[in-house]
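**Q** So here's entry.cif, just mmCIF, C-alpha atoms:
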data_model
#
loop_
_atom_site.label_atom_id
_atom_site.label_comp_id
_atom_site.auth_asym_id
_atom_site.auth_seq_id
_atom_site.Cartn_x
_atom_site.Cartn_y
_atom_site.Cartn_z
CA MET O 1 -17.70 9.05 -13.61
CA VAL O 2 -17.51 8.66 -9.84
CA GLN O 3 -20.43 9.93 -7.84
CA THR O 4 -19.17 12.38 -5.23
CA PRO O 5 -20.19 11.23 -1.74
CA ILE O 6 -22.32 13.53 0.36
CA ARG O 7 -20.21 15.16 3.07
CA PRO O 8 -21.19 17.22 6.09
CA GLY O 9 -20.82 20.98 5.96
CA THR O 10 -21.98 23.75 3.67
CA ARG O 11 -20.84 24.57 0.15
CA LYS O 12 -19.33 28.01 -0.36
CA LYS O 13 -19.53 30.08 -3.49
CA ALA O 14 -16.68 29.86 -5.98
CA LYS O 15 -14.45 32.94 -5.81
CA ASP O 16 -10.98 31.78 -6.74
CA ILE O 17 -11.35 28.23 -8.10
CA ASP O 18 -7.64 27.43 -7.95
CA SER O 19 -7.23 28.51 -4.34
CA GLU O 20 -10.40 26.68 -3.29
CA VAL O 21 -9.32 23.50 -5.08
CA ARG O 22 -5.89 23.75 -3.44
CA GLU O 23 -7.50 24.14 0.00
CA TYR O 24 -9.87 21.26 -0.69
CA ILE O 25 -7.05 18.89 -1.74
CA GLN O 26 -5.04 19.84 1.35
CA GLY O 27 -8.10 18.99 3.42
CA LEU O 28 -8.38 15.55 1.83
CA CYS O 29 -4.71 14.97 2.63
CA LYS O 30 -5.56 15.08 6.34
CA GLY O 31 -7.47 11.82 5.92
CA VAL O 32 -10.94 13.27 6.60
CA TRP O 33 -13.57 14.85 4.37
CA PRO O 34 -13.27 18.67 4.44
CA ASP O 35 -16.21 20.52 5.97
CA ASP O 36 -16.54 22.70 2.86
CA GLN O 37 -16.44 21.76 -0.81
CA PRO O 38 -15.98 24.22 -3.68
CA GLU O 39 -19.11 24.74 -5.72
CA ASP O 40 -17.12 24.57 -8.96
CA PHE O 41 -13.90 22.63 -9.56
CA GLY O 42 -13.45 24.05 -13.05
CA GLU O 43 -10.69 22.31 -15.01
CA TRP O 44 -9.78 20.26 -11.93
CA LYS O 45 -13.05 18.30 -11.86
CA ASP O 46 -11.60 15.04 -13.28
CA VAL O 47 -8.55 15.20 -11.00
CA ILE O 48 -10.72 15.77 -7.92
CA GLU O 49 -13.01 12.87 -8.88
CA ASP O 50 -9.98 10.55 -9.17
CA ILE O 51 -8.69 11.64 -5.75
CA GLU O 52 -12.14 11.32 -4.15
CA ARG O 53 -12.60 7.86 -5.65
CA ILE O 54 -9.31 6.67 -4.11
CA PHE O 55 -10.23 8.42 -0.84
CA THR O 56 -13.56 6.56 -0.66
CA LYS O 57 -11.94 3.23 -1.59
CA THR O 58 -9.25 3.66 1.06
CA GLN O 59 -11.81 4.81 3.62
CA GLN O 60 -13.84 1.64 3.11
CA ALA O 61 -10.80 -0.65 3.15
CA THR O 62 -9.27 0.87 6.30
CA LYS O 63 -12.53 1.47 8.19
CA SER O 64 -12.04 5.26 8.12
CA ASN O 65 -8.51 5.19 9.55
CA ALA O 66 -7.45 8.83 9.04
CA GLN O 67 -3.73 8.08 9.15
CA LYS O 68 -3.86 5.37 6.50
CA ILE O 69 -6.16 7.47 4.32
CA ALA O 70 -3.78 10.42 4.62
CA GLU O 71 -0.80 8.27 3.65
CA GLN O 72 -2.54 6.90 0.54
CA ILE O 73 -3.94 10.26 -0.59
CA ASN O 74 -0.56 11.94 -0.20
CA LYS O 75 1.10 9.17 -2.19
CA THR O 76 -1.57 9.44 -4.88
CA ILE O 77 -1.24 13.22 -5.18
CA THR O 78 2.55 13.07 -5.24
CA GLY O 79 2.35 10.58 -8.11
CA LEU O 80 -0.18 12.72 -10.00
CA CYS O 81 2.01 15.79 -9.62
CA LYS O 82 4.92 13.99 -11.26
CA THR O 83 2.86 13.36 -14.40
CA ASP O 84 0.72 16.53 -14.33
CA PRO O 85 2.86 19.71 -14.21
CA ALA O 86 -0.27 21.88 -13.97
CA LEU O 87 -1.38 20.12 -10.78
CA ALA O 88 2.14 20.36 -9.36
CA GLU O 89 2.13 24.09 -10.06
CA LEU O 90 -1.31 24.45 -8.47
CA LEU O 91 -0.16 22.83 -5.22
CA ASN O 92 3.39 24.23 -5.34
CA PRO O 93 4.70 22.14 -3.73
CA PRO O 94 2.40 19.13 -3.43
CA PRO O 95 1.31 18.53 0.16
CA THR O 96 3.29 15.95 2.11
CA LEU O 97 2.78 14.30 5.46
CA ASP O 98 5.43 16.62 6.90
CA ASP O 99 3.40 19.69 5.90
CA ILE O 100 0.01 18.52 7.11
CA GLU O 101 -0.96 17.92 10.69
CA ILE O 102 -2.83 14.72 11.37
CA GLU O 103 -4.03 13.48 14.71
CA ASN O 104 -1.72 10.50 14.88
CA GLU O 105 1.84 11.60 14.11
CA ASP O 106 3.31 8.15 14.69
CA ILE O 107 3.41 7.45 10.95
CA SER O 108 6.03 4.73 10.86
CA SER O 109 7.37 2.13 13.26
CA PHE O 110 10.82 2.33 11.63
CA VAL O 111 13.54 4.21 13.49
CA GLU O 112 14.78 7.16 11.45
CA LEU O 113 18.41 7.04 10.40
CA PRO O 114 20.76 9.56 12.03
CA GLU O 115 21.40 12.67 9.94
CA TYR O 116 24.94 11.66 8.99
CA ALA O 117 23.59 8.44 7.45
CA GLN O 118 20.80 10.10 5.45
CA LEU O 119 21.41 10.71 1.75
CA ALA O 120 19.96 13.72 -0.03
CA PRO O 121 17.15 12.74 -2.49
CA SER O 122 18.84 14.95 -5.09
CA LEU O 123 21.66 12.39 -5.35
CA ALA O 124 19.27 10.07 -7.19
CA GLU O 125 18.45 12.62 -9.90
CA GLY O 126 19.75 11.42 -13.24
CA ALA O 127 21.27 8.27 -11.72
CA CYS O 128 19.20 6.01 -13.99
CA PRO O 129 17.28 7.84 -16.78
CA TRP O 130 15.69 4.57 -17.91
CA LEU O 131 14.24 3.98 -14.44
CA ASP O 132 12.85 7.54 -14.36
CA LYS O 133 11.08 6.91 -17.68
CA TYR O 134 9.81 3.51 -16.55
CA VAL O 135 8.36 4.94 -13.34
CA ARG O 136 6.42 7.54 -15.36
CA PHE O 137 5.17 4.79 -17.68
CA SER O 138 4.20 2.51 -14.79
CA ARG O 139 2.30 5.31 -13.06
CA MET O 140 0.18 5.79 -16.17
CA ALA O 141 -0.36 2.05 -16.59
CA SER O 142 -1.24 1.49 -12.90
CA PRO O 143 -2.37 4.88 -11.51
CA GLU O 144 -3.89 3.51 -8.30
CA ALA O 145 -0.73 1.78 -7.12
CA TYR O 146 1.27 2.71 -4.04
CA ASP O 147 3.86 5.02 -5.61
CA ASP O 148 6.98 3.18 -4.45
CA TYR O 149 5.79 0.00 -6.21
CA HIS O 150 6.70 1.61 -9.55
CA VAL O 151 10.33 2.11 -8.54
CA PHE O 152 10.74 -1.38 -7.10
CA THR O 153 9.16 -3.19 -10.06
CA GLY O 154 11.40 -1.15 -12.37
CA LEU O 155 14.47 -2.19 -10.37
CA TRP O 156 13.28 -5.79 -10.54
CA ALA O 157 13.03 -5.55 -14.34
CA LEU O 158 16.60 -4.19 -14.53
CA SER O 159 17.80 -7.03 -12.33
CA VAL O 160 16.15 -9.59 -14.61
CA VAL O 161 17.72 -8.09 -17.74
CA ASN O 162 21.12 -7.92 -16.04
CA ALA O 163 20.93 -11.72 -15.69
CA ARG O 164 24.14 -12.00 -13.67
CA ARG O 165 26.19 -10.36 -16.41
CA ALA O 166 27.41 -7.46 -14.25
CA TYR O 167 28.79 -7.33 -10.75
CA LEU O 168 30.42 -5.03 -8.23
CA PRO O 169 33.92 -6.18 -7.20
CA LEU O 170 34.24 -6.00 -3.42
CA GLY O 171 37.58 -7.38 -2.24
CA ASN O 172 37.66 -11.02 -3.25
CA GLU O 173 33.90 -11.13 -3.60
CA ARG O 174 31.62 -10.32 -6.53
CA VAL O 175 28.31 -8.68 -5.65
CA TYR O 176 25.67 -9.38 -8.29
CA GLY O 177 22.49 -7.42 -8.93
CA ASN O 178 19.89 -9.97 -7.94
CA LEU O 179 17.02 -8.52 -5.95
CA MET O 180 14.39 -10.18 -3.78
CA ILE O 181 11.52 -7.75 -3.41
CA ALA O 182 8.17 -8.18 -1.65
CA LEU O 183 5.25 -5.84 -2.39
CA TYR O 184 2.99 -5.51 0.62
CA GLY O 185 -0.38 -3.77 0.93
CA ASN O 186 -4.05 -4.34 1.63
CA SER O 187 -5.62 -6.71 -0.89
CA SER O 188 -7.28 -5.02 -3.91
CA LEU O 189 -6.38 -1.57 -2.62
CA PHE O 190 -2.84 -0.74 -3.72
CA ALA O 191 -2.76 -2.57 -7.11
CA LYS O 192 0.20 -4.84 -6.30
CA SER O 193 -0.50 -7.48 -8.95
CA THR O 194 -1.50 -4.91 -11.57
CA THR O 195 1.74 -2.99 -11.10
CA ALA O 196 3.79 -6.20 -11.15
CA ARG O 197 2.18 -7.31 -14.41
CA VAL O 198 3.17 -4.01 -16.03
CA ALA O 199 6.86 -4.84 -15.57
CA LYS O 200 6.39 -8.45 -16.61
CA LYS O 201 4.48 -7.52 -19.77
CA MET O 202 7.09 -4.90 -20.61
CA LEU O 203 9.83 -7.56 -20.53
CA ILE O 204 7.83 -9.95 -22.71
CA GLU O 205 6.93 -7.32 -25.31
CA SER O 206 10.56 -6.20 -25.39
CA GLY O 207 11.60 -9.67 -26.52
CA LEU O 208 13.06 -10.58 -23.12
CA GLY O 209 10.42 -13.06 -21.99
CA HIS O 210 12.97 -15.88 -22.12
CA LEU O 211 14.59 -14.36 -19.01
CA LEU O 212 11.43 -15.01 -16.97
CA GLY O 213 10.95 -18.20 -15.01
CA PRO O 214 7.66 -20.08 -14.53
CA ASP O 215 5.04 -18.39 -12.33
CA LYS O 216 4.26 -21.31 -10.02
CA PRO O 217 7.08 -23.86 -10.19
CA SER O 218 7.72 -26.62 -7.72
CA PRO O 219 11.21 -26.53 -6.16
CA SER O 220 12.38 -29.54 -8.16
CA LYS O 221 10.92 -28.18 -11.41
CA LEU O 222 12.62 -24.82 -10.84
CA LEU O 223 16.03 -26.41 -10.34
CA SER O 224 15.52 -28.75 -13.27
CA ASN O 225 14.64 -25.84 -15.55
CA MET O 226 17.65 -23.84 -14.33
CA ALA O 227 19.93 -26.79 -15.13
CA GLY O 228 18.73 -26.69 -18.75
CA LYS O 229 18.82 -30.46 -19.15
CA HIS O 230 15.44 -31.20 -20.67
CA ILE O 231 13.97 -30.08 -23.99
CA ALA O 232 10.32 -30.60 -24.90
CA SER O 233 9.85 -33.91 -26.71
CA ASP O 234 7.74 -32.21 -29.40
CA TYR O 235 10.32 -29.44 -29.98
CA SER O 236 10.84 -30.26 -33.68
CA SER O 237 7.11 -30.00 -34.41
CA LEU O 238 6.60 -26.67 -32.64
CA PRO O 239 6.18 -23.38 -34.56
CA ILE O 240 9.44 -21.54 -35.33
CA GLU O 241 8.57 -18.76 -32.87
CA LYS O 242 8.09 -21.27 -30.05
CA GLN O 243 11.31 -23.06 -30.93
CA GLU O 244 13.20 -19.77 -30.88
CA LEU O 245 11.81 -18.93 -27.42
CA ILE O 246 12.88 -22.34 -26.09
CA ARG O 247 16.32 -21.92 -27.66
CA LYS O 248 16.77 -18.56 -25.92
CA LYS O 249 15.61 -20.03 -22.60
CA MET O 250 18.07 -22.90 -22.93
CA THR O 251 20.92 -20.47 -23.72
CA MET O 252 20.62 -18.93 -20.24
CA PRO O 253 18.65 -21.48 -18.20
CA GLY O 254 20.05 -20.55 -14.81
CA GLN O 255 19.45 -16.79 -15.07
CA LYS O 256 15.76 -16.23 -14.54
CA GLY O 257 13.47 -13.64 -12.96
CA MET O 258 10.57 -15.01 -10.95
CA TYR O 259 7.24 -13.46 -10.05
CA ILE O 260 5.35 -15.19 -7.25
CA ASP O 261 1.88 -13.85 -6.55
CA GLU O 262 0.29 -13.85 -3.08
CA ILE O 263 3.35 -13.81 -0.81
CA GLY O 264 1.29 -14.62 2.30
CA LYS O 265 0.08 -17.92 0.87
CA PHE O 266 3.56 -18.73 -0.44
CA ILE O 267 5.22 -18.17 2.96
CA GLU O 268 2.47 -20.08 4.77
CA SER O 269 2.99 -23.03 2.43
CA ALA O 270 6.79 -22.87 2.68
CA LEU O 271 6.68 -22.97 6.48
CA LYS O 272 4.47 -26.03 6.68
CA LYS O 273 6.15 -29.27 7.66
CA ASN O 274 6.36 -31.86 4.89
CA SER O 275 5.25 -29.25 2.36
CA THR O 276 6.88 -29.44 -1.08
CA ASN O 277 7.33 -25.67 -1.04
CA SER O 278 9.36 -25.86 2.17
CA GLU O 279 12.36 -26.69 -0.02
CA PHE O 280 12.16 -23.16 -1.44
CA VAL O 281 13.59 -21.74 1.81
CA ASP O 282 17.01 -23.32 1.29
CA ILE O 283 16.92 -22.74 -2.47
CA LEU O 284 16.23 -19.01 -2.22
CA LEU O 285 18.83 -18.53 0.51
CA THR O 286 21.40 -20.28 -1.67
CA LEU O 287 20.45 -18.33 -4.80
CA ASP O 288 20.75 -15.06 -2.90
CA ALA O 289 24.49 -15.67 -2.58
CA CYS O 290 24.83 -16.19 -6.38
CA PRO O 291 27.05 -19.31 -6.25
CA LEU O 292 29.04 -20.30 -9.31
CA SER O 293 26.96 -23.46 -9.59
CA LEU O 294 24.02 -25.09 -7.87
CA LEU O 295 23.90 -28.87 -7.59
CA GLN O 296 20.55 -30.61 -7.38
CA ILE O 297 20.18 -34.24 -6.34
CA PRO O 298 16.53 -35.23 -6.80
CA ARG O 299 14.98 -38.09 -4.92
CA GLN O 300 15.45 -40.32 -7.97
CA GLY O 301 19.22 -39.81 -7.70
CA ASP O 302 19.59 -38.05 -11.07
CA GLN O 303 22.01 -35.18 -10.55
CA SER O 304 21.66 -31.86 -12.34
CA ARG O 305 23.73 -28.72 -12.01
CA SER O 306 22.90 -25.08 -12.79
CA TYR O 307 25.83 -22.81 -13.65
CA ASN O 308 26.01 -19.11 -12.67
CA PRO O 309 22.46 -19.24 -11.27
CA ILE O 310 20.54 -16.13 -10.31
CA SER O 311 16.85 -15.72 -9.65
CA PRO O 312 15.68 -12.20 -8.82
CA TYR O 313 12.02 -12.11 -7.93
CA TRP O 314 9.27 -10.15 -6.28
CA GLU O 315 6.08 -11.22 -4.61
CA GLY O 316 2.77 -9.47 -4.11
#
What would you get if you wrote out this structure as structure tokens?
**A**
Amino acid sequence: MVQTPIRPGTRKKAKDIDSEVREYIQGLCKGVWPDDQPEDFGEWKDVIEDIERIFTKTQQATKSNAQKIAEQINKTITGLCKTDPALAELLNPPPTLDDIEIENEDISSFVELPEYAQLAPSLAEGACPWLDKYVRFSRMASPEAYDDYHVFTGLWALSVVNARRAYLPLGNERVYGNLMIALYGNSSLFAKSTTARVAKKMLIESGLGHLLGPDKPSPSKLLSNMAGKHIASDYSSLPIEKQELIRKKMTMPGQKGMYIDEIGKFIESALKKNSTNSEFVDILLTLDACPLSLLQIPRQGDQSRSYNPISPYWEG
């Protein structure tokens, strides 16, 4: 149980618990501790403790930045409302940044799209029932994550399973469903790695682990694996289960989903001169176009070719 921090202000007597809890939550959504706290949270005690715990964690990580705290608390509450109908009914509707005044209204540095280019959120309803179910599952498995992470990791999982087997015909071109997604957020605050592992574990336990590439490959090892040229020398002595996994991997060697942890370190390494990882820049740009084949000529001169390659990935 989280110990509730001491806040300034006086406690008022409980009259209407629901209305006081609603007012208290709306106060937290402003990114500052409310002056008054209900004396009794009733059935909402556990929910309030969860929200306060995330508030305190965000407050410490952002050095009491009200705007960032407000963004995280609103995201947290929106996610909770989607899995807790009673809480959603209590807030009716859940507070959003548009409804609550905060001192700094410059929330995003992105320029808003013109109205004619904006799509109604309702258009997404029912578009992908599996993704809706996955997002609910991911929220329960990683409740402290930034809410949009659940959608993006779910899309990544779909891209991995697709494995270049479907495309959108666009003139003479074929647009494949490979995605390159980066999860950004303060370290240890928004549960990037935890949320990513939920999707990865789901694929493995669904019997689709053979569609995943190695976690930390070198550029040459990645291309060699995707060419499917080499089989482990001790293959015949391996357990049947291990042999079956290798067989599945060799069936589709060029269609793999990658998960690279710590994007900052990866980019820093890739940008260094004479770094082995610098070769990833050209490889990933080439894979993004989904060529029919990818030719590798290692330094030793041994050529290898990957057919129909695709490598969707995300980084945290």
**Q** When you draw a straight line from atom CA of Tyr134 of chain O to atom CA of Gly154 of chain O, how long is it in Å?
**A**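 Those two atoms sit 6.5 Å apart.
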**Q** Nearest to Met250 of chain O: which of O:Thr62, O:Thr56, O:Gln118, O:Ser224 is it, counting all atoms listed in the file?
**A** O:Ser224
**Q** Just checking: using all atoms listed in the file, which residue out of O:Glu205, O:Glu262, O:Ala199, O:Asn172 ends up closest to Leu131 of chain O?
**A**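 Answer, going by the shortest atom-to-atom distance: O:Ala199.
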**Q** Starting from the shown file, work through the PyMOL selection byres ((chain O and resi 40-46) around 8) and note down what comes out as a list of chain:residue names.
**A**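 On the file shown, the PyMOL selection byres ((chain O and resi 40-46) around 8) covers O:Ala14, O:Ile17, O:Val21, O:Pro38, O:Glu39, O:Val47, O:Ile48, O:Glu49, O:Asp50.
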**Q** Hey, can I get the axis-aligned box for segment 111-125 of chain O? All listed atoms, 3 Å padding on each side, centre and edge lengths in Å to one decimal, as lines of an AutoDock Vina configuration file.
**A**
center_x = 19.2
center_y = 9.6
center_z = 1.8
size_x = 17.4
size_y = 16.7
size_z = 29.4
**Q** Can you give me, as a PyMOL selection string, the residues this file yields under the PyMOL selection byres ((chain O and resi 242-249) around 12)?
**A** chain O and resi 204+207-214+225-241+250-257
**Q** How far is it from atom CA of Met180 of chain O to atom CA of Phe266 of chain O, in Å with one decimal?
**A** 14.2 Å
**Q** What does the PyMOL selection byres ((chain O and resi 157) around 9) select in this file, as a list in words?
**A** Phe152, Thr153, Gly154, Leu155, Trp156, Leu158, Ser159, Val160, Val161, Asn162, Ala199, Lys200, Met202, Leu203 and Gly257 of chain O
**Q** Quick one: pull the distance between atom CA of Ala196 of chain O and atom CA of Lys82 of chain O, Å, one decimal.
**A**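 Computing it gives 20.2 Å between the two atoms.
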**Q** Please provide as number ranges by chain all residues within 8 Å of Pro34 of chain O, with the sequence filter that same-chain residues fewer than 3 positions apart are discarded (counting only C-alpha atoms).
**A** O: 7, 24, 27-28, 37
**Q** Need the shell around Ala270 of chain O: protein/DNA/RNA residues with any atom at most 8 Å away, counting all atoms listed in the file. Skip same-chain ones fewer than 4 positions apart. Format as JSON, numbers by chain?
**A** {"O": [266, 275, 276, 277, 278, 279, 280, 281]}
**Q** For Ser142 of chain O, work out the shell of residues within 9 Å, counting only C-alpha atoms and skipping chain neighbours fewer than 4 positions away, then give it as a list in words.
**A**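 My reading of the contact set: Phe137, Ser138, His150, Ala191, Thr194, Thr195 and Val198 of chain O.
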**Q** Mind dumping the selected residues with C-alpha atoms as an mmCIF file, keeping the file's coordinate frame?
**A**
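Saved as selection-v3.cif:
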data_model
loop_
_atom_site.group_PDB
_atom_site.id
_atom_site.type_symbol
_atom_site.label_atom_id
_atom_site.label_comp_id
_atom_site.auth_asym_id
_atom_site.auth_seq_id
_atom_site.Cartn_x
_atom_site.Cartn_y
_atom_site.Cartn_z
ATOM 1 C CA PHE O 137 5.170 4.790 -17.680
ATOM 2 C CA SER O 138 4.200 2.510 -14.790
ATOM 3 C CA HIS O 150 6.700 1.610 -9.550
ATOM 4 C CA ALA O 191 -2.760 -2.570 -7.110
ATOM 5 C CA THR O 194 -1.500 -4.910 -11.570
ATOM 6 C CA THR O 195 1.740 -2.990 -11.100
ATOM 7 C CA VAL O 198 3.170 -4.010 -16.030
#
